[in-house]
>>> print(open('input.cif').read())   # mmCIF, C-alpha atoms and all ligand atoms
data_target
loop_
_atom_site.label_atom_id
_atom_site.label_comp_id
_atom_site.auth_asym_id
_atom_site.auth_seq_id
_atom_site.Cartn_x
_atom_site.Cartn_y
_atom_site.Cartn_z
CA MET A 53 -11.47 -14.36 16.01
CA ASN A 54 -7.98 -15.41 15.18
CA PRO A 55 -5.61 -13.23 17.16
CA THR A 56 -2.61 -14.53 15.28
CA ARG A 57 -3.95 -13.09 12.07
CA LEU A 58 -5.19 -9.94 13.70
CA ALA A 59 -1.86 -9.07 15.23
CA PRO A 60 -0.25 -7.84 11.98
CA LEU A 61 -2.82 -5.08 11.75
CA ALA A 62 -1.12 -3.06 14.40
CA PHE A 63 0.25 0.25 13.37
CA ALA A 64 3.19 1.74 15.17
CA LEU A 65 2.25 3.12 18.54
CA ALA A 66 4.02 5.41 20.92
CA LEU A 67 6.45 6.76 18.37
CA PRO A 68 8.81 9.51 19.49
CA ILE A 69 8.13 13.14 18.74
CA LEU A 70 9.59 14.43 15.48
CA ALA A 71 12.63 16.61 15.49
CA ALA A 72 12.18 20.19 14.31
CA GLU A 73 11.79 20.73 10.57
CA PRO A 74 15.01 21.65 8.78
CA ALA A 75 15.24 25.25 7.65
CA THR A 76 15.61 24.29 4.00
CA SER A 77 13.72 21.65 2.10
CA PRO A 78 15.50 18.32 1.84
CA PHE A 79 13.67 17.70 -1.43
CA GLN A 80 15.50 18.25 -4.70
CA PRO A 81 13.78 18.28 -8.10
CA THR A 82 12.88 15.02 -9.74
CA VAL A 83 15.16 14.37 -12.71
CA GLU A 84 13.40 12.04 -15.09
CA SER A 85 15.35 9.70 -17.32
CA LYS A 86 15.14 10.49 -20.99
CA ALA A 87 15.00 6.79 -21.81
CA ALA A 88 12.13 6.14 -24.17
CA SER A 89 9.86 3.18 -23.69
CA PRO A 90 11.63 0.13 -25.14
CA GLY A 91 8.44 -0.82 -26.91
CA SER A 92 4.72 -0.28 -26.84
CA ALA A 93 3.25 -0.48 -23.38
CA PRO A 94 1.53 -3.74 -22.45
CA GLU A 95 -2.25 -3.45 -22.20
CA GLY A 96 -3.34 -1.45 -19.19
CA MET A 97 0.18 -0.29 -18.34
CA VAL A 98 2.06 2.97 -18.71
CA TRP A 99 5.80 3.56 -19.18
CA ILE A 100 7.54 5.13 -16.20
CA SER A 101 10.89 6.36 -17.45
CA GLY A 102 12.57 6.30 -14.04
CA GLY A 103 15.19 8.78 -12.93
CA GLU A 104 16.36 10.43 -9.73
CA PHE A 105 14.06 11.70 -7.02
CA SER A 106 13.91 12.61 -3.35
CA MET A 107 12.17 9.82 -1.44
CA GLY A 108 10.36 10.00 1.87
CA SER A 109 8.17 12.39 3.82
CA ASN A 110 8.60 15.05 6.43
CA SER A 111 5.00 16.23 6.44
CA ALA A 112 4.41 17.92 9.76
CA ASP A 113 0.68 17.36 9.56
CA ASP A 114 0.88 13.65 8.93
CA SER A 115 -0.77 11.48 11.52
CA LEU A 116 -0.70 7.86 12.49
CA CYS A 117 -2.90 6.43 15.20
CA HIS A 118 -4.15 9.99 15.73
CA VAL A 119 -0.67 11.12 16.74
CA ALA A 120 0.13 14.19 14.67
CA GLY A 121 3.42 14.62 12.90
CA VAL A 122 4.68 11.07 12.74
CA THR A 123 6.64 10.22 9.64
CA ARG A 124 9.68 8.82 11.36
CA ASP A 125 9.91 5.68 9.25
CA ALA A 126 9.77 7.77 6.04
CA GLN A 127 12.87 9.74 6.98
CA PRO A 128 15.42 10.91 6.21
CA ILE A 129 14.52 12.26 2.80
CA HIS A 130 17.12 10.69 0.56
CA ARG A 131 18.05 10.62 -3.09
CA VAL A 132 17.09 7.50 -5.04
CA ALA A 133 17.39 6.49 -8.69
CA VAL A 134 15.23 3.89 -10.38
CA ASP A 135 15.40 2.45 -13.87
CA GLY A 136 12.42 2.60 -16.18
CA PHE A 137 9.49 0.18 -15.99
CA TRP A 138 5.91 -0.27 -17.03
CA MET A 139 3.27 0.00 -14.33
CA ASP A 140 -0.40 -0.96 -14.21
CA LYS A 141 -2.53 2.15 -14.60
CA THR A 142 -4.90 0.85 -11.93
CA VAL A 143 -4.77 -1.64 -9.14
CA VAL A 144 -5.68 -5.19 -10.11
CA THR A 145 -9.44 -5.61 -10.39
CA ASN A 146 -11.73 -8.46 -9.41
CA ALA A 147 -12.19 -9.28 -13.11
CA GLN A 148 -8.44 -9.54 -13.64
CA PHE A 149 -7.91 -11.64 -10.53
CA ALA A 150 -10.79 -13.91 -11.55
CA LYS A 151 -8.99 -14.70 -14.82
CA PHE A 152 -5.91 -15.72 -12.86
CA VAL A 153 -7.93 -18.00 -10.58
CA ALA A 154 -9.83 -19.51 -13.53
CA ALA A 155 -6.57 -20.23 -15.34
CA THR A 156 -4.67 -21.69 -12.41
CA GLY A 157 -7.13 -22.83 -9.73
CA TYR A 158 -5.18 -20.70 -7.28
CA LYS A 159 -6.46 -20.54 -3.71
CA THR A 160 -5.68 -17.42 -1.73
CA ILE A 161 -4.41 -17.69 1.81
CA ALA A 162 -7.76 -16.49 3.16
CA GLU A 163 -9.44 -19.49 1.53
CA ILE A 164 -7.21 -22.04 3.29
CA ALA A 165 -7.69 -22.86 6.96
CA PRO A 166 -4.53 -22.21 8.98
CA THR A 167 -3.04 -25.26 10.66
CA LYS A 168 -2.04 -26.01 14.21
CA GLU A 169 1.54 -26.33 12.98
CA GLU A 170 1.46 -22.80 11.59
CA PHE A 171 -0.18 -21.30 14.67
CA PRO A 172 0.62 -23.59 17.60
CA THR A 173 -0.67 -21.20 20.23
CA ALA A 174 -4.02 -20.46 18.58
CA PRO A 175 -7.10 -22.22 19.99
CA PRO A 176 -8.28 -24.96 17.58
CA GLU A 177 -11.67 -23.31 17.24
CA ASN A 178 -9.93 -20.29 15.74
CA LEU A 179 -8.22 -22.25 12.97
CA PHE A 180 -10.68 -21.58 10.18
CA ALA A 181 -10.39 -20.00 6.75
CA GLY A 182 -11.22 -16.33 6.76
CA SER A 183 -9.80 -12.88 6.71
CA ILE A 184 -9.95 -9.47 8.31
CA VAL A 185 -12.88 -7.14 7.70
CA PHE A 186 -13.43 -3.55 8.70
CA SER A 187 -16.37 -3.57 11.10
CA PRO A 188 -17.30 -0.06 12.23
CA PRO A 189 -18.27 0.19 15.90
CA ALA A 190 -21.59 1.72 16.93
CA GLY A 191 -20.05 4.40 19.07
CA PRO A 192 -16.81 6.16 19.93
CA VAL A 193 -13.86 3.89 20.68
CA ASP A 194 -10.26 4.17 21.77
CA LEU A 195 -8.25 4.85 18.59
CA ASP A 196 -5.27 3.11 20.16
CA ASP A 197 -7.05 -0.24 19.85
CA TYR A 198 -7.56 -1.32 16.24
CA LEU A 199 -9.40 -4.42 17.43
CA GLU A 200 -12.33 -2.07 17.97
CA TRP A 201 -12.93 -1.94 14.21
CA TRP A 202 -11.26 -4.99 12.71
CA ARG A 203 -12.72 -8.50 12.92
CA TYR A 204 -11.43 -11.84 11.70
CA ILE A 205 -14.42 -13.14 9.77
CA LYS A 206 -14.91 -16.77 8.83
CA GLY A 207 -15.49 -17.05 5.09
CA ALA A 208 -14.14 -13.62 4.18
CA ASP A 209 -12.03 -13.85 1.03
CA TRP A 210 -11.56 -12.04 -2.27
CA GLN A 211 -14.95 -13.19 -3.56
CA HIS A 212 -16.60 -12.34 -0.22
CA PRO A 213 -14.65 -9.25 0.80
CA GLU A 214 -16.89 -8.23 3.71
CA GLY A 215 -17.64 -11.79 4.84
CA PRO A 216 -19.66 -14.80 3.63
CA GLN A 217 -22.83 -12.75 3.14
CA SER A 218 -21.07 -10.41 0.71
CA ASN A 219 -20.01 -11.03 -2.87
CA ILE A 220 -18.40 -9.29 -5.83
CA ALA A 221 -21.34 -9.46 -8.24
CA GLY A 222 -21.32 -6.26 -10.25
CA ARG A 223 -17.88 -5.39 -8.89
CA ASP A 224 -15.72 -6.45 -11.83
CA ASN A 225 -14.13 -3.02 -11.94
CA TYR A 226 -13.44 -2.83 -8.21
CA PRO A 227 -10.00 -3.53 -6.77
CA VAL A 228 -9.49 -7.11 -5.70
CA VAL A 229 -9.04 -7.11 -1.93
CA GLN A 230 -8.50 -9.77 0.72
CA VAL A 231 -5.27 -10.67 -1.06
CA SER A 232 -2.08 -11.14 0.90
CA TYR A 233 1.36 -10.26 -0.41
CA VAL A 234 1.84 -13.94 -1.22
CA ASP A 235 -1.35 -13.96 -3.31
CA ALA A 236 -0.41 -10.72 -5.06
CA ALA A 237 3.03 -12.05 -5.93
CA ALA A 238 1.48 -15.24 -7.31
CA TYR A 239 -0.83 -13.21 -9.54
CA ALA A 240 2.05 -11.05 -10.74
CA LYS A 241 4.15 -14.07 -11.64
CA TRP A 242 1.26 -15.59 -13.60
CA ALA A 243 0.76 -12.30 -15.46
CA GLY A 244 4.44 -12.13 -16.39
CA LYS A 245 4.87 -9.13 -14.13
CA ARG A 246 6.08 -8.48 -10.59
CA LEU A 247 5.21 -6.25 -7.68
CA PRO A 248 6.92 -2.85 -7.57
CA THR A 249 9.72 -2.07 -5.20
CA GLU A 250 8.87 0.64 -2.72
CA ALA A 251 11.16 3.07 -4.56
CA GLU A 252 9.54 2.31 -7.92
CA TRP A 253 6.12 2.82 -6.34
CA GLU A 254 7.01 6.20 -4.87
CA PHE A 255 8.79 7.46 -7.99
CA ALA A 256 5.70 6.55 -9.98
CA ALA A 257 3.28 7.98 -7.42
CA ARG A 258 4.99 11.37 -7.37
CA GLY A 259 4.32 11.66 -11.09
CA GLY A 260 7.29 13.93 -11.75
CA LEU A 261 6.59 16.28 -8.84
CA SER A 262 8.99 16.65 -5.92
CA GLY A 263 8.38 17.21 -2.23
CA GLN A 264 4.62 17.57 -2.66
CA THR A 265 2.35 16.28 0.06
CA TYR A 266 0.08 14.37 -2.29
CA ALA A 267 0.50 12.60 -5.61
CA TRP A 268 -1.18 15.59 -7.28
CA GLY A 269 0.27 18.53 -5.33
CA ASN A 270 0.13 20.18 -1.92
CA GLU A 271 -3.60 20.73 -1.56
CA LEU A 272 -5.81 17.88 -0.42
CA LYS A 273 -8.73 19.25 -2.44
CA PRO A 274 -7.47 21.54 -5.20
CA GLY A 275 -10.29 23.82 -6.22
CA GLY A 276 -12.53 22.01 -3.75
CA LYS A 277 -12.30 18.77 -5.76
CA TRP A 278 -11.65 15.43 -4.10
CA MET A 279 -8.68 13.61 -5.65
CA ALA A 280 -8.84 10.27 -3.85
CA ASN A 281 -11.21 7.93 -2.06
CA ILE A 282 -10.39 8.38 1.60
CA TYR A 283 -12.43 8.62 4.80
CA GLU A 284 -14.52 11.57 5.88
CA GLY A 285 -16.77 11.84 8.87
CA LYS A 286 -15.95 10.41 12.28
CA PHE A 287 -13.47 7.53 12.18
CA PRO A 288 -14.17 4.69 12.63
CA MET A 289 -17.93 4.95 13.28
CA LYS A 290 -19.35 6.95 10.42
CA ASP A 291 -17.92 7.43 6.94
CA SER A 292 -19.79 10.39 5.50
CA GLY A 293 -18.61 9.68 1.96
CA GLU A 294 -18.05 13.31 1.00
CA ASP A 295 -15.57 12.21 -1.67
CA GLY A 296 -18.36 10.27 -3.36
CA PHE A 297 -17.70 6.85 -1.88
CA VAL A 298 -18.42 5.15 1.41
CA GLY A 299 -16.06 2.22 1.51
CA LEU A 300 -14.33 0.82 -1.55
CA ALA A 301 -14.73 2.51 -4.95
CA PRO A 302 -14.30 1.13 -8.46
CA VAL A 303 -10.85 1.84 -9.90
CA ALA A 304 -10.08 5.09 -11.73
CA GLN A 305 -12.86 7.28 -10.31
CA PHE A 306 -10.50 10.21 -9.67
CA PRO A 307 -8.04 12.02 -11.96
CA PRO A 308 -4.76 10.22 -12.69
CA ASN A 309 -1.43 11.60 -11.51
CA GLY A 310 1.21 13.12 -13.75
CA TYR A 311 2.20 9.73 -15.12
CA GLY A 312 -1.33 8.57 -15.92
CA LEU A 313 -1.63 6.35 -12.84
CA TYR A 314 -4.95 6.13 -11.02
CA ASP A 315 -5.54 5.75 -7.29
CA MET A 316 -1.96 6.17 -6.10
CA ALA A 317 -3.62 7.52 -2.95
CA GLY A 318 -6.59 6.10 -1.12
CA ASN A 319 -9.06 3.35 -2.04
CA THR A 320 -6.74 0.40 -1.31
CA TRP A 321 -3.31 0.01 0.18
CA GLN A 322 -0.91 -1.48 -2.34
CA TRP A 323 1.65 -4.18 -1.66
CA THR A 324 5.26 -3.56 -2.62
CA SER A 325 7.99 -6.18 -2.75
CA ASP A 326 10.21 -4.59 -0.08
CA TRP A 327 10.50 -6.01 3.40
CA TYR A 328 9.54 -3.44 6.03
CA ARG A 329 11.97 -1.94 8.50
CA PRO A 330 11.45 1.48 10.09
CA ASP A 331 15.14 2.32 9.59
CA THR A 332 15.40 1.43 5.91
CA TYR A 333 15.76 5.03 4.77
CA ALA A 334 18.35 5.81 7.42
CA SER A 335 20.41 2.90 6.14
CA GLN A 336 20.08 4.05 2.55
CA LYS A 337 21.03 7.60 3.43
CA THR A 338 24.30 6.44 4.91
CA ALA A 339 25.00 3.96 2.12
CA GLY A 340 25.71 6.58 -0.52
CA GLU A 341 24.71 9.85 -2.13
CA ILE A 342 22.23 8.16 -4.47
CA THR A 343 20.69 4.78 -3.83
CA ARG A 344 20.09 3.01 -7.13
CA ASN A 345 17.24 0.56 -7.62
CA PRO A 346 16.84 -0.24 -3.91
CA HIS A 347 15.03 -3.43 -3.05
CA GLY A 348 14.59 -2.82 0.66
CA PRO A 349 16.34 -4.55 3.54
CA GLU A 350 17.44 -8.17 3.42
CA ALA A 351 14.98 -9.15 6.14
CA PRO A 352 11.93 -7.63 7.81
CA PHE A 353 11.92 -6.16 11.27
CA ASP A 354 9.23 -4.15 12.97
CA PRO A 355 10.17 -3.46 16.59
CA ASP A 356 6.47 -3.15 17.44
CA GLU A 357 5.85 -6.75 16.31
CA PRO A 358 9.26 -8.33 15.82
CA ALA A 359 7.93 -11.81 15.00
CA GLU A 360 5.90 -10.62 12.01
CA LYS A 361 7.26 -10.76 8.48
CA LYS A 362 6.01 -7.48 7.09
CA ARG A 363 6.16 -5.98 3.62
CA VAL A 364 5.84 -2.31 2.82
CA GLN A 365 2.41 -1.13 1.73
CA ARG A 366 1.87 2.26 0.14
CA GLY A 367 -0.92 4.64 -0.77
CA GLY A 368 -3.37 4.42 2.11
CA SER A 369 -6.98 3.34 1.69
CA PHE A 370 -10.61 4.35 1.91
CA LEU A 371 -10.16 4.16 5.66
CA CYS A 372 -7.42 6.76 5.86
CA SER A 373 -8.27 10.15 7.28
CA ASP A 374 -6.53 13.01 8.99
CA GLN A 375 -8.08 11.73 12.22
CA TYR A 376 -6.28 8.43 12.23
CA CYS A 377 -3.96 7.46 9.39
CA SER A 378 -3.17 10.06 6.75
CA ARG A 379 -1.08 7.63 4.75
CA TYR A 380 -2.55 8.79 1.47
CA MET A 381 0.27 11.34 1.66
CA VAL A 382 2.58 10.29 -1.12
CA GLY A 383 5.85 9.90 0.78
CA THR A 384 4.49 8.03 3.77
CA ARG A 385 4.73 4.31 4.42
CA GLY A 386 2.54 1.47 5.62
CA LYS A 387 3.30 -2.11 6.55
CA GLY A 388 1.56 -5.44 6.70
CA GLU A 389 2.28 -9.07 7.54
CA GLN A 390 2.84 -10.74 4.21
CA SER A 391 0.31 -13.57 4.52
CA THR A 392 -2.49 -11.32 5.75
CA GLY A 393 -5.07 -9.56 3.64
CA SER A 394 -8.04 -7.39 4.51
CA ASN A 395 -10.80 -5.57 2.69
CA HIS A 396 -8.72 -2.45 2.15
CA ILE A 397 -5.51 -3.94 0.75
CA GLY A 398 -4.91 -4.51 -2.96
CA PHE A 399 -2.00 -4.25 -5.37
CA ARG A 400 -0.78 -3.30 -8.81
CA CYS A 401 2.04 -4.78 -10.86
CA VAL A 402 5.02 -3.54 -12.81
CA MET A 403 7.02 -5.02 -15.64
CA ALA A 404 10.65 -4.16 -16.31
CA PRO A 405 12.20 -4.31 -19.76
CA PRO A 406 14.77 -7.06 -20.26
CA PRO A 407 18.08 -6.12 -18.61
CA VAL A 408 20.87 -4.89 -20.81
CA ASP A 409 24.03 -7.01 -20.95
CA GLY A 410 25.98 -6.95 -17.72
CA ASP A 411 23.26 -5.25 -15.72
CA LYS A 412 22.59 -7.45 -12.73
CA THR A 413 20.87 -4.84 -10.65
CA ARG A 414 17.34 -5.69 -11.74
CA CA B 1 -14.53 7.75 0.72
#
>>> encode(input="input.cif", output="structure tokens")
Amino acid sequence: MNPTRLAPLAFALALPILAAEPATSPFQPTVESKAASPGSAPEGMVWISGGEFSMGSNSADDSLCHVAGVTRDAQPIHRVAVDGFWMDKTVVTNAQFAKFVAATGYKTIAEIAPTKEEFPTAPPENLFAGSIVFSPPAGPVDLDDYLEWWRYIKGADWQHPEGPQSNIAGRDNYPVVQVSYVDAAAYAKWAGKRLPTEAEWEFAARGGLSGQTYAWGNELKPGGKWMANIYEGKFPMKDSGEDGFVGLAPVAQFPPNGYGLYDMAGNTWQWTSDWYRPDTYASQKTAGEITRNPHGPEAPFDPDEPAEKKRVQRGGSFLCSDQYCSRYMVGTRGKGEQSTGSNHIGFRCVMAPPPVDGDKTR
């Protein structure tokens, strides 16, 4: 096991108790831009017109590390405006990533053994190529210790997402996983796209709604129907698969949101281009009435792991449940060290139209 690569998996622990809910909702209606798509959408993408929206979460029933009511890093709710962009309807699939690798010979970080220079304190026997795989324990474990269900597996990579004995045969339409932020950004650049900012991601995920708990509304299962691939049963030992899937699902198995985007909750976490800081929203709130096209802080800082360079992840995954990490709630945030992948992290891309003259904000 490589502890250096396992360390970024930590979620925030021992967060303070939330302040009381404000009497009135801090959410204001989403005001969509009337800007039409500047052209036909690229294949597999949908036009997101952009506009103004209220960003963040104050969900009282959110949980993180089985601590109820923790959305501190997604507060305060603040007003943000984003310009229009195209977004992939689904996360990037194995078939799409395979085309990138075939065209470029790209090697993901998980396929390259880390060096002593990169990790001077790691034992030499731990410096092997691999990645992090969800490994459910046989019995109940302490939910404060994520090492109980994550293992650094030699030979785990995007073509062997659960380890060297696994493969992606027959999984062309599954999300590519075991990709770090660095790998995702490399794919995006090759595809002539980029990763979304966190604000673009959330505007798109809300699908025109405002202040709703989920990308589709306020009910987890409207009409008794599952809307995302998350985790049921007893985390982390037994995934009962009530939503139809134990573990990862192919893309687009649930209804799209209001903008025609699939899987903006659950299945895989999605990388965004923003550095992570827990106080990003507080900074934006004080910077002005409306924050336009935010790109996140200038540098990452997670007080729980200050040495790690973390990017914001959004959407939650097939491992998220109300017992441990309900980050499939649309306004909530995740984080991950940028060179680290796992078998529940993927990504989707966006493409912005060419900037108009004088616009240097994009
Ligand atoms: Ca599931």
>>> closest_residue(input="input.cif", among="A:Gly96, A:Ser394, A:Arg124, A:Gln264", to="Gly182 in chain A", atoms="only C-alpha atoms")
A:Ser394
>>> closest_residue(input="input.cif", among="A:Gly318, A:Pro213, A:Gly103, A:Pro308", to="ligand CA 1 (chain B)", atoms="only C-alpha atoms and all ligand atoms")
A:Gly318
>>> atom_distance(input="input.cif", atom1="CA of Trp242 in chain A", atom2="CA of Gly398 in chain A")
16.6 Å
>>> residues_near_ligand(input="input.cif", ligand="ligand CA 1 (chain B)", cutoff="12 Å", atoms="all atoms listed in the file", output="NGL selection string")
:A and (278-287 or 290-302 or 305-306 or 317-320 or 368-373 or 396)
>>> residues_near_point(input="input.cif", point="(9.7, -7.9, 11.1)", cutoff="6 Å", atoms="all atoms listed in the file", output="number ranges by chain")
A: 352-354, 358-362
>>> write_last_selection(input="input.cif", atoms="C-alpha atoms", output="PDB file, keeping the file's coordinate frame")
ATOM      1  CA  PRO A 352      11.930  -7.630   7.810  1.00  0.00           C
ATOM      2  CA  PHE A 353      11.920  -6.160  11.270  1.00  0.00           C
ATOM      3  CA  ASP A 354       9.230  -4.150  12.970  1.00  0.00           C
ATOM      4  CA  PRO A 358       9.260  -8.330  15.820  1.00  0.00           C
ATOM      5  CA  ALA A 359       7.930 -11.810  15.000  1.00  0.00           C
ATOM      6  CA  GLU A 360       5.900 -10.620  12.010  1.00  0.00           C
ATOM      7  CA  LYS A 361       7.260 -10.760   8.480  1.00  0.00           C
ATOM      8  CA  LYS A 362       6.010  -7.480   7.090  1.00  0.00           C
TER       9      LYS A 362
END
>>> closest_residue(input="input.cif", among="A:Ser101, A:Pro349, A:Gly388, A:Gln322", to="Ser335 in chain A", atoms="only C-alpha atoms")
A:Pro349
>>> atom_distance(input="input.cif", atom1="CA of Gly393 in chain A", atom2="CA of Ser111 in chain A")
27.8 Å
>>> closest_residue(input="input.cif", among="A:Asp194, A:Asp374, A:Glu104, A:Asp135", to="Pro405 in chain A", atoms="all atoms listed in the file")
A:Asp135
>>> closest_residue(input="input.cif", among="A:Ala147, A:Leu179, A:Leu313, A:Val382", to="Trp99 in chain A", atoms="only C-alpha atoms")
A:Leu313
>>> closest_residue(input="input.cif", among="A:Gly260, A:Pro176, A:Gly102, A:Pro248", to="Tyr311 in chain A", atoms="all atoms listed in the file")
A:Gly260
>>> atom_distance(input="input.cif", atom1="CA of Met289 in chain A", atom2="CA of Ser187 in chain A")
8.9 Å
>>> residues_around(input="input.cif", residues="range 227-235 of chain A", least_positions_apart="6", cutoff="8 Å", atoms="only C-alpha atoms", output="ChimeraX atom specification")
/A:143-146,149,160-162,183-184,208-210,213,301-303,320,323,363,390-398
>>> residues_near_point(input="input.cif", point="(5.7, 4.6, 2.7)", cutoff="10 Å", atoms="only C-alpha atoms", output="mmCIF file with C-alpha atoms, in the coordinates of the input")
data_model
loop_
_atom_site.group_PDB
_atom_site.id
_atom_site.type_symbol
_atom_site.label_atom_id
_atom_site.label_comp_id
_atom_site.auth_asym_id
_atom_site.auth_seq_id
_atom_site.Cartn_x
_atom_site.Cartn_y
_atom_site.Cartn_z
ATOM 1 C CA MET A 107 12.170 9.820 -1.440
ATOM 2 C CA GLY A 108 10.360 10.000 1.870
ATOM 3 C CA SER A 109 8.170 12.390 3.820
ATOM 4 C CA THR A 123 6.640 10.220 9.640
ATOM 5 C CA ASP A 125 9.910 5.680 9.250
ATOM 6 C CA ALA A 126 9.770 7.770 6.040
ATOM 7 C CA GLN A 127 12.870 9.740 6.980
ATOM 8 C CA GLU A 250 8.870 0.640 -2.720
ATOM 9 C CA ALA A 251 11.160 3.070 -4.560
ATOM 10 C CA TRP A 253 6.120 2.820 -6.340
ATOM 11 C CA GLU A 254 7.010 6.200 -4.870
ATOM 12 C CA THR A 324 5.260 -3.560 -2.620
ATOM 13 C CA TYR A 328 9.540 -3.440 6.030
ATOM 14 C CA PRO A 330 11.450 1.480 10.090
ATOM 15 C CA VAL A 364 5.840 -2.310 2.820
ATOM 16 C CA GLN A 365 2.410 -1.130 1.730
ATOM 17 C CA ARG A 366 1.870 2.260 0.140
ATOM 18 C CA GLY A 367 -0.920 4.640 -0.770
ATOM 19 C CA GLY A 368 -3.370 4.420 2.110
ATOM 20 C CA ARG A 379 -1.080 7.630 4.750
ATOM 21 C CA TYR A 380 -2.550 8.790 1.470
ATOM 22 C CA MET A 381 0.270 11.340 1.660
ATOM 23 C CA VAL A 382 2.580 10.290 -1.120
ATOM 24 C CA GLY A 383 5.850 9.900 0.780
ATOM 25 C CA THR A 384 4.490 8.030 3.770
ATOM 26 C CA ARG A 385 4.730 4.310 4.420
ATOM 27 C CA GLY A 386 2.540 1.470 5.620
ATOM 28 C CA LYS A 387 3.300 -2.110 6.550
#
>>> residues_around(input="input.cif", residues="range 341-344 of chain A", least_positions_apart="2", cutoff="12 Å", atoms="only C-alpha atoms", output="PyMOL selection string")
chain A and resi 102-107+129-136+249+251-252+332-339+346-348+413-414
